[in-house]
Amino acid sequence: MFRIPICAGTALVALAACTTQSPEAPSGNPLNLPDPLAAGWRGAPVCEQLSLTEYQRVLRCTFPPGVGHERHYHPPHFGYALSGGRMRLTDAQGTRDVTLADHSYFSSDGTAWHEVENVGTTTVQYLIIEPLVPHR
């Protein structure tokens, strides 16, 4: 099966490591890292759970300037940027700065690991929607 991601704005794509579906796409948590809700920044949470049902979990993650998200993994999810800004992303491909557009969105098959830091002057905030059971 071949799927094309739903993405708007290449910077948000880079933050989410949004790629087409492939056999190499991360599954589970092979590195035993925290998920986005459990991961924080210098001991403080950056994501809050807005909703949890048997079918999905919705998180809102907020990054004021200078705040980041420690190394964590993502299961498959959909993301939506409520407010964008400049983020520094580190993952297996290295470190790079990306600019997120307000109201951009993406779909991801999962991310084995990454960490981010807001290196801009505006607060970045986005939603993460994770399905909890396979779609029928």
# chains A, B, ... in the order shown; residues from 1 in each chain; ligands from 1
$ residues_around --residues "range 117-126 of chain A" --least-positions-apart "4" --cutoff "9 Å" --atoms "only C-alpha atoms" --output "number ranges by chain"
A: 59-70, 79-90, 97, 99-100, 102-103
$ write_last_selection --atoms "C-alpha atoms" --output "PDB file, in the first residue's frame"
ATOM      1  CA  LEU A  59      -2.803  16.878  22.817  1.00  0.00           C
ATOM      2  CA  ARG A  60      -2.063  20.614  22.754  1.00  0.00           C
ATOM      3  CA  CYS A  61       1.658  21.410  22.936  1.00  0.00           C
ATOM      4  CA  THR A  62       2.852  24.942  23.699  1.00  0.00           C
ATOM      5  CA  PHE A  63       6.394  26.282  23.257  1.00  0.00           C
ATOM      6  CA  PRO A  64       7.123  29.868  24.325  1.00  0.00           C
ATOM      7  CA  PRO A  65      10.433  31.277  23.026  1.00  0.00           C
ATOM      8  CA  GLY A  66      13.355  29.321  24.502  1.00  0.00           C
ATOM      9  CA  VAL A  67      11.222  26.296  25.433  1.00  0.00           C
ATOM     10  CA  GLY A  68      11.561  22.921  23.743  1.00  0.00           C
ATOM     11  CA  HIS A  69      10.500  19.302  23.899  1.00  0.00           C
ATOM     12  CA  GLU A  70      13.014  16.754  25.144  1.00  0.00           C
ATOM     13  CA  GLY A  79      -0.851  17.588  13.614  1.00  0.00           C
ATOM     14  CA  TYR A  80      -2.194  21.103  13.243  1.00  0.00           C
ATOM     15  CA  ALA A  81      -0.257  24.307  14.028  1.00  0.00           C
ATOM     16  CA  LEU A  82      -2.460  26.747  15.931  1.00  0.00           C
ATOM     17  CA  SER A  83       0.384  29.282  15.885  1.00  0.00           C
ATOM     18  CA  GLY A  84       3.724  28.918  14.179  1.00  0.00           C
ATOM     19  CA  GLY A  85       7.237  30.198  14.653  1.00  0.00           C
ATOM     20  CA  ARG A  86      10.893  29.198  14.365  1.00  0.00           C
ATOM     21  CA  MET A  87      11.892  25.799  15.784  1.00  0.00           C
ATOM     22  CA  ARG A  88      15.207  23.948  15.953  1.00  0.00           C
ATOM     23  CA  LEU A  89      14.700  20.255  15.213  1.00  0.00           C
ATOM     24  CA  THR A  90      17.169  17.472  15.983  1.00  0.00           C
ATOM     25  CA  ASP A  97      15.983  25.294  11.927  1.00  0.00           C
ATOM     26  CA  THR A  99       9.782  27.986  10.266  1.00  0.00           C
ATOM     27  CA  LEU A 100       6.249  26.774  10.931  1.00  0.00           C
ATOM     28  CA  ASP A 102       0.220  29.350  11.314  1.00  0.00           C
ATOM     29  CA  HIS A 103      -2.569  26.882  10.498  1.00  0.00           C
TER      30      HIS A 103
END
$ closest_residue --among "A:Tyr73, A:Phe78, A:Ser104, A:Ala44" --to "Val58 in chain A" --atoms "only C-alpha atoms"
A:Phe78
$ closest_residue --among "A:Ala38, A:Leu52, A:Val116, A:Val98" --to "Pro131 in chain A" --atoms "only C-alpha atoms"
A:Leu52
$ closest_residue --among "A:Arg57, A:Arg71, A:Arg42, A:Arg96" --to "Leu127 in chain A" --atoms "only C-alpha atoms"
A:Arg57
$ atom_distance --atom1 "CA of Ile129 in chain A" --atom2 "CA of Ala39 in chain A"
16.2 Å
$ residues_around --residues "Pro36 in chain A" --least-positions-apart "6" --cutoff "8 Å" --atoms "only C-alpha atoms" --output "PyMOL selection string"
chain A and resi 47+72-74
$ select_by_dssp --residues "range 10-128 of chain A" --states "helix (DSSP H, G or I)" --output "MDAnalysis selection string"
chainID A and resid 10:16
$ write_last_selection --atoms "C-alpha atoms" --output "compact mmCIF listing (two decimals), in the first residue's frame"
# COMPACT_ATOMS: atom_id res chain seq x y z
CA THR A 10 7.35 22.23 4.12
CA ALA A 11 8.57 23.53 7.48
CA LEU A 12 5.85 21.75 9.40
CA VAL A 13 6.61 18.65 7.38
CA ALA A 14 10.21 18.81 8.60
CA LEU A 15 9.12 19.20 12.23
CA ALA A 16 6.88 16.16 12.03
$ atom_distance --atom1 "CA of Leu37 in chain A" --atom2 "CA of Gln49 in chain A"
7.2 Å
$ atom_distance --atom1 "CA of Gly43 in chain A" --atom2 "CA of Leu132 in chain A"
26.6 Å
$ residues_around --residues "Val133 in chain A" --least-positions-apart "3" --cutoff "8 Å" --atoms "only C-alpha atoms" --output "list in words"
Glu54, Tyr55 and Gln56 of chain A
